[in-house]
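Colleague: What follows is upload_16.csv, made up of CSV, C-alpha atoms and all ligand atoms:
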chain,number,residue,atom,x,y,z
A,136,MET,CA,91.6,115.5,81.4
A,137,SER,CA,89.7,115.0,84.6
A,138,GLY,CA,90.1,115.5,88.3
A,139,TYR,CA,93.1,117.2,89.8
A,140,CYS,CA,94.8,117.5,86.4
A,141,ALA,CA,91.9,119.5,85.1
A,142,ILE,CA,91.6,122.0,88.0
A,143,ALA,CA,95.3,122.3,89.1
A,144,PRO,CA,97.2,123.8,86.2
A,145,GLY,CA,97.6,127.6,86.5
A,146,HIS,CA,96.2,127.6,90.1
A,147,PRO,CA,98.5,129.6,92.4
A,148,PHE,CA,98.8,126.7,94.9
A,149,HIS,CA,97.7,123.6,93.0
A,150,GLY,CA,99.6,124.4,89.8
A,151,PRO,CA,103.2,124.2,91.1
A,152,TYR,CA,102.3,121.2,93.2
A,153,HIS,CA,100.6,119.4,90.3
A,154,ASP,CA,103.4,120.2,87.8
A,155,ARG,CA,106.5,119.5,89.9
A,156,GLU,CA,105.7,117.4,92.9
A,157,HIS,CA,102.5,115.3,92.6
A,158,GLY,CA,103.5,111.8,91.5
A,159,HIS,CA,107.2,112.6,91.3
A,160,PRO,CA,109.4,109.9,93.0
A,161,THR,CA,111.6,111.1,95.8
A,162,THR,CA,113.9,109.5,98.3
A,163,ASP,CA,114.5,112.7,100.4
A,164,GLU,CA,113.6,112.0,104.0
A,165,ALA,CA,112.4,115.5,104.8
A,166,VAL,CA,110.3,115.6,101.6
A,167,LEU,CA,108.7,112.2,102.4
A,168,PHE,CA,108.0,113.2,106.0
A,169,GLU,CA,106.6,116.5,104.9
A,170,ARG,CA,104.3,114.9,102.4
A,171,LEU,CA,103.1,112.3,104.8
A,172,MET,CA,102.3,114.9,107.4
A,173,LEU,CA,100.6,117.2,104.9
A,174,GLU,CA,98.4,114.3,104.0
A,175,VAL,CA,97.7,113.6,107.6
A,176,ASN,CA,96.7,117.3,108.1
A,177,GLN,CA,94.5,117.2,105.0
A,178,ALA,CA,92.2,114.7,106.8
A,179,GLY,CA,88.8,116.4,107.3
A,180,LEU,CA,89.9,119.5,105.5
A,181,SER,CA,91.2,120.0,101.9
A,182,TRP,CA,94.5,119.8,100.0
A,183,LEU,CA,94.2,123.5,99.3
A,184,VAL,CA,94.0,124.4,103.0
A,185,VAL,CA,97.1,122.4,103.5
A,186,LEU,CA,99.0,123.9,100.6
A,187,ARG,CA,98.1,127.4,101.9
A,188,LYS,CA,99.4,126.5,105.3
A,189,ARG,CA,102.5,124.8,104.0
A,190,ALA,CA,105.0,127.5,104.8
A,191,ALA,CA,103.6,127.7,108.4
A,192,PHE,CA,103.8,123.9,108.7
A,193,ASN,CA,107.5,124.0,107.7
A,194,ALA,CA,108.2,126.8,110.1
A,195,ALA,CA,106.4,125.0,112.9
A,196,PHE,CA,108.0,121.6,112.2
A,197,HIS,CA,111.6,122.6,111.5
A,198,GLY,CA,111.4,122.1,107.7
A,199,PHE,CA,110.3,118.5,108.5
A,200,ASN,CA,113.8,117.6,109.7
A,201,VAL,CA,113.0,114.2,111.3
A,202,ASP,CA,115.5,114.5,114.1
A,203,ALA,CA,114.3,118.0,115.0
A,204,VAL,CA,110.7,117.0,115.1
A,205,ALA,CA,111.5,113.7,117.0
A,206,ALA,CA,113.1,115.9,119.7
A,207,MET,CA,110.1,118.1,120.2
A,208,THR,CA,108.5,118.1,123.7
A,209,PRO,CA,105.0,118.2,125.2
A,210,GLU,CA,105.7,121.9,125.7
A,211,ASP,CA,106.2,122.3,122.0
A,212,VAL,CA,102.9,120.6,121.3
A,213,GLU,CA,101.2,123.1,123.6
A,214,ARG,CA,102.9,126.0,121.8
A,215,LEU,CA,101.8,124.6,118.4
A,216,MET,CA,98.2,124.3,119.7
A,217,GLN,CA,98.3,128.1,119.8
A,218,ASP,CA,99.8,128.5,116.3
A,219,ALA,CA,97.0,129.8,114.0
A,220,GLY,CA,99.2,129.2,110.9
A,221,ILE,CA,98.9,125.4,111.1
A,222,VAL,CA,96.0,122.9,111.8
A,223,ARG,CA,95.6,123.1,115.5
A,224,ASN,CA,94.6,119.5,116.1
A,225,ARG,CA,96.4,117.8,119.0
A,226,LEU,CA,96.2,114.3,117.5
A,227,LYS,CA,97.8,115.5,114.2
A,228,ILE,CA,100.5,117.4,116.0
A,229,GLU,CA,101.3,114.5,118.2
A,230,ALA,CA,101.3,112.2,115.2
A,231,ALA,CA,104.1,114.4,113.7
A,232,LEU,CA,106.3,113.8,116.7
A,233,HIS,CA,105.5,110.1,116.9
A,234,ASN,CA,106.0,109.5,113.2
A,235,ALA,CA,109.3,111.3,113.2
A,236,ARG,CA,110.5,108.9,115.9
A,237,VAL,CA,109.2,106.0,113.8
A,238,ILE,CA,111.2,107.2,110.8
A,239,GLN,CA,114.3,107.3,113.1
A,240,GLY,CA,113.6,103.7,113.8
A,241,LEU,CA,113.3,102.9,110.1
A,242,ARG,CA,116.9,104.2,109.6
A,243,ALA,CA,118.0,101.5,112.0
A,244,SER,CA,115.9,98.7,110.6
A,245,HIS,CA,116.0,99.4,106.8
A,246,GLY,CA,118.4,102.3,106.2
A,247,GLY,CA,115.7,105.0,106.1
A,248,PHE,CA,112.1,105.8,105.2
A,249,ALA,CA,112.8,105.6,101.5
A,250,GLN,CA,114.5,102.2,101.8
A,251,TRP,CA,111.6,101.0,104.0
A,252,LEU,CA,109.1,101.9,101.2
A,253,ALA,CA,111.3,100.3,98.5
A,254,ALA,CA,111.7,97.1,100.6
A,255,HIS,CA,107.9,96.6,100.7
A,256,HIS,CA,107.2,97.7,97.1
A,257,PRO,CA,105.1,96.6,95.3
A,258,LEU,CA,102.0,96.2,97.4
A,259,THR,CA,98.3,96.8,96.7
A,260,LYS,CA,96.8,99.9,98.4
A,261,ALA,CA,95.0,97.7,100.9
A,262,ASP,CA,98.2,96.0,101.9
A,263,TRP,CA,100.1,99.4,102.1
A,264,VAL,CA,97.3,100.7,104.4
A,265,LYS,CA,97.7,97.7,106.7
A,266,LEU,CA,101.5,98.2,106.8
A,267,PHE,CA,101.2,101.9,107.5
A,268,ARG,CA,98.5,101.4,110.2
A,269,ARG,CA,100.8,99.1,112.2
A,270,THR,CA,103.9,101.3,111.6
A,271,PHE,CA,102.7,105.0,111.8
A,272,ARG,CA,100.1,107.0,113.6
A,273,PHE,CA,97.1,108.8,112.0
A,274,THR,CA,97.5,106.9,108.7
A,275,GLY,CA,94.1,105.8,107.5
A,276,GLY,CA,93.2,104.5,104.0
A,277,GLU,CA,92.8,107.9,102.2
A,278,ILE,CA,95.9,109.4,103.8
A,279,VAL,CA,98.1,106.4,102.8
A,280,GLY,CA,96.6,106.1,99.3
A,281,GLU,CA,97.2,109.8,98.6
A,282,PHE,CA,100.7,109.8,100.1
A,283,LEU,CA,101.8,106.8,98.0
A,284,MET,CA,100.2,108.1,94.9
A,285,SER,CA,102.0,111.4,95.4
A,286,ILE,CA,105.4,109.8,95.5
A,287,GLY,CA,104.8,107.3,92.6
A,288,TYR,CA,104.2,104.1,94.6
A,289,LEU,CA,100.5,103.9,93.6
A,290,PRO,CA,99.1,104.7,90.1
A,291,LEU,CA,96.7,107.4,88.9
A,292,ALA,CA,98.3,110.6,90.3
A,293,HIS,CA,97.7,112.0,86.9
A,294,ALA,CA,95.2,111.4,84.1
A,295,PRO,CA,96.8,109.5,81.2
A,296,ASP,CA,96.4,112.5,78.9
A,297,CYS,CA,98.0,114.9,81.4
A,298,PRO,CA,101.4,116.2,80.1
A,299,VAL,CA,102.9,115.6,83.5
A,300,ASP,CA,101.9,112.0,83.3
A,301,GLN,CA,104.0,111.7,80.1
A,302,GLU,CA,107.0,113.4,81.8
A,303,LEU,CA,106.7,111.0,84.8
A,304,ALA,CA,106.8,108.0,82.5
A,305,GLY,CA,110.5,108.6,82.1
A,306,LEU,CA,111.3,109.3,85.7
A,307,GLY,CA,111.2,105.8,87.2
A,308,GLN,CA,107.9,105.9,89.1
A,309,PRO,CA,107.9,102.6,91.2
A,310,TRP,CA,104.3,101.7,90.2
A,311,ARG,CA,105.1,101.7,86.5
A,312,GLU,CA,108.0,99.4,87.0
A,313,ALA,CA,105.8,97.1,89.0
A,314,VAL,CA,103.1,97.1,86.3
A,315,ALA,CA,105.7,96.4,83.7
A,316,ALA,CA,106.8,93.4,85.7
A,317,GLY,CA,103.3,92.1,85.8
A,318,PHE,CA,102.1,93.3,89.2
A,319,VAL,CA,98.3,94.0,89.4
A,320,TYR,CA,97.2,97.0,91.6
A,401,ZN,ZN,98.2,115.9,85.9
What does this structure look like when you write it as structure tokens?
Modeller:
Amino acid sequence: MSGYCAIAPGHPFHGPYHDREHGHPTTDEAVLFERLMLEVNQAGLSWLVVLRKRAAFNAAFHGFNVDAVAAMTPEDVERLMQDAGIVRNRLKIEAALHNARVIQGLRASHGGFAQWLAAHHPLTKADWVKLFRRTFRFTGGEIVGEFLMSIGYLPLAHAPDCPVDQELAGLGQPWREAVAAGFVY
């Protein structure tokens, strides 16, 4: 095995994420929103930093309840800029509020964030990045690629010889269905 599958198992933070979350499909709005914002916050830092701060992020952003974050105010942003538990980056904090409001809009246009993803699937990574850039804030190529890989919309979350990869083969990852239907990533 190589990459994340080699270093993550048994690690106090990476292990549980690798085994039970990374690459696993989900349609839960708060889970999708949390994952997107954790990837946004990883930018310039590391996934380990983000996992260590995960509990603080959830406390600061109301468990990533979309409506609660969408209702946050400029005063909340100033308060979070003093919260040492999270990443104190104004653009990232403001992106959380903005993206929560975008997700509220996706409920109206598509039925929700999960339905919006399903409606555009399958796309190549490059086309997903274009779509995210014109929909969300702070969603560059690496962030979008890692986010979509982590929820099964892009391949290679796990090495082919990782036991979790074999588990996921039976769990309806969207990218596998696309490849089976002839789509080329
Ligand atoms: Zn793995």
Colleague: Which residues of chain A come within 10 Å of ligand ZN 401 (chain A), and for each one, what is the closest pair of atoms and their distance in Å to one decimal, counting only C-alpha atoms and all ligand atoms, sorted by chain and residue number, as CSV?
Modeller:
residue,atom,partner,partner_atom,distance
A:Met136,CA,A:ZN401,ZN,8.0
A:Ser137,CA,A:ZN401,ZN,8.6
A:Gly138,CA,A:ZN401,ZN,8.5
A:Tyr139,CA,A:ZN401,ZN,6.6
A:Cys140,CA,A:ZN401,ZN,3.8
A:Ala141,CA,A:ZN401,ZN,7.3
A:Ile142,CA,A:ZN401,ZN,9.2
A:Ala143,CA,A:ZN401,ZN,7.7
A:Pro144,CA,A:ZN401,ZN,8.0
A:Gly150,CA,A:ZN401,ZN,9.5
A:Tyr152,CA,A:ZN401,ZN,9.9
A:His153,CA,A:ZN401,ZN,6.1
A:Asp154,CA,A:ZN401,ZN,7.0
A:Arg155,CA,A:ZN401,ZN,9.9
A:His157,CA,A:ZN401,ZN,8.0
A:Gly158,CA,A:ZN401,ZN,8.7
A:Leu291,CA,A:ZN401,ZN,9.1
A:Ala292,CA,A:ZN401,ZN,6.9
A:His293,CA,A:ZN401,ZN,4.1
A:Ala294,CA,A:ZN401,ZN,5.7
A:Pro295,CA,A:ZN401,ZN,8.1
A:Asp296,CA,A:ZN401,ZN,8.0
A:Cys297,CA,A:ZN401,ZN,4.6
A:Pro298,CA,A:ZN401,ZN,6.6
A:Val299,CA,A:ZN401,ZN,5.3
A:Asp300,CA,A:ZN401,ZN,6.0
A:Gln301,CA,A:ZN401,ZN,9.2
A:Leu303,CA,A:ZN401,ZN,9.9
Colleague: With C-alpha atoms retained, could you export that selection as a PDB file, in the frame of the given file?
Modeller:
ATOM      1  CA  MET A 136      91.600 115.500  81.400  1.00  0.00           C
ATOM      2  CA  SER A 137      89.700 115.000  84.600  1.00  0.00           C
ATOM      3  CA  GLY A 138      90.100 115.500  88.300  1.00  0.00           C
ATOM      4  CA  TYR A 139      93.100 117.200  89.800  1.00  0.00           C
ATOM      5  CA  CYS A 140      94.800 117.500  86.400  1.00  0.00           C
ATOM      6  CA  ALA A 141      91.900 119.500  85.100  1.00  0.00           C
ATOM      7  CA  ILE A 142      91.600 122.000  88.000  1.00  0.00           C
ATOM      8  CA  ALA A 143      95.300 122.300  89.100  1.00  0.00           C
ATOM      9  CA  PRO A 144      97.200 123.800  86.200  1.00  0.00           C
ATOM     10  CA  GLY A 150      99.600 124.400  89.800  1.00  0.00           C
ATOM     11  CA  TYR A 152     102.300 121.200  93.200  1.00  0.00           C
ATOM     12  CA  HIS A 153     100.600 119.400  90.300  1.00  0.00           C
ATOM     13  CA  ASP A 154     103.400 120.200  87.800  1.00  0.00           C
ATOM     14  CA  ARG A 155     106.500 119.500  89.900  1.00  0.00           C
ATOM     15  CA  HIS A 157     102.500 115.300  92.600  1.00  0.00           C
ATOM     16  CA  GLY A 158     103.500 111.800  91.500  1.00  0.00           C
ATOM     17  CA  LEU A 291      96.700 107.400  88.900  1.00  0.00           C
ATOM     18  CA  ALA A 292      98.300 110.600  90.300  1.00  0.00           C
ATOM     19  CA  HIS A 293      97.700 112.000  86.900  1.00  0.00           C
ATOM     20  CA  ALA A 294      95.200 111.400  84.100  1.00  0.00           C
ATOM     21  CA  PRO A 295      96.800 109.500  81.200  1.00  0.00           C
ATOM     22  CA  ASP A 296      96.400 112.500  78.900  1.00  0.00           C
ATOM     23  CA  CYS A 297      98.000 114.900  81.400  1.00  0.00           C
ATOM     24  CA  PRO A 298     101.400 116.200  80.100  1.00  0.00           C
ATOM     25  CA  VAL A 299     102.900 115.600  83.500  1.00  0.00           C
ATOM     26  CA  ASP A 300     101.900 112.000  83.300  1.00  0.00           C
ATOM     27  CA  GLN A 301     104.000 111.700  80.100  1.00  0.00           C
ATOM     28  CA  LEU A 303     106.700 111.000  84.800  1.00  0.00           C
TER      29      LEU A 303
END
Colleague: With distances taken over only C-alpha atoms, which of A:Gly280, A:Gly307, A:Gly317, A:Gly275 is nearest to Ala178 in chain A?
Modeller: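 Closest candidate: A:Gly275.
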Colleague: Work out how far apart CA of Val264 in chain A and CA of Leu283 in chain A are and give it in Å to one decimal.
Modeller: 9.9 Å
Colleague: Compile the contact shell of Phe282 in chain A as a PyMOL selection string: residues with an atom at most 8 Å away, counting all atoms listed in the file, same-chain residues fewer than 5 positions apart removed.
Modeller: chain A and resi 170-171+174
Colleague: For C-alpha atoms, I'd like the residues from the last selection saved as a PDB file, in the coordinates of the input.
Modeller:
ATOM      1  CA  ARG A 170     104.300 114.900 102.400  1.00  0.00           C
ATOM      2  CA  LEU A 171     103.100 112.300 104.800  1.00  0.00           C
ATOM      3  CA  GLU A 174      98.400 114.300 104.000  1.00  0.00           C
TER       4      GLU A 174
END
Colleague: Quick one: residues within 12 Å of (103.9, 101.6, 110.8) (file frame), counting only C-alpha atoms, please, as a PyMOL selection string.
Modeller: chain A and resi 230+233-238+240-241+248+251-252+255+262-275+279
Colleague: How many Å lie between CA of Ala219 in chain A and CA of Arg187 in chain A, rounded to one decimal?
Modeller: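 For CA of Ala219 in chain A relative to CA of Arg187 in chain A, the distance reads 12.4 Å.
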Colleague: Quick check, in Å to one decimal: how far apart do CA of Ile228 in chain A and CA of Asn176 in chain A lie?
Modeller: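 Between these atoms lies a distance of 8.8 Å.
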Colleague: Using only C-alpha atoms, which of A:Met216, A:Ile221, A:Val166, A:Ala243 sits nearest Ala191 in chain A?
Modeller: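 Checking each candidate against Ala191 in chain A, we get A:Ile221 as the closest.
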Colleague: In terms of the shortest atom-to-atom distance over all atoms listed in the file, which of A:Ile278, A:Ala261, A:Ala253, A:Met172 is closest to Pro309 in chain A?
Modeller: A:Ala253
Colleague: Check the smallest atom-to-atom distance from each of A:Leu289, A:Arg242, A:Glu312, A:Ala231 to Ala205 in chain A using only C-alpha atoms, then report the winner.
Modeller: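 Using only C-alpha atoms, the shortest distance to Ala205 in chain A belongs to A:Ala231.
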Colleague: Name all residues at most 8 Å from Leu232 in chain A (count only C-alpha atoms; drop same-chain ones fewer than 6 positions away) and give them as a count of residues only.
Modeller: 4
Colleague: Measuring between only C-alpha atoms, which one of A:Ala190, A:Val314, A:Ala203, A:Leu306 shows the shortest distance to Ala165 in chain A?
Modeller: A:Ala203
Colleague: Counting all atoms listed in the file, figure out which residue out of A:Asn193, A:Gly145, A:Val185, A:Glu156 gets nearest to Met284 in chain A.
Modeller: A:Glu156
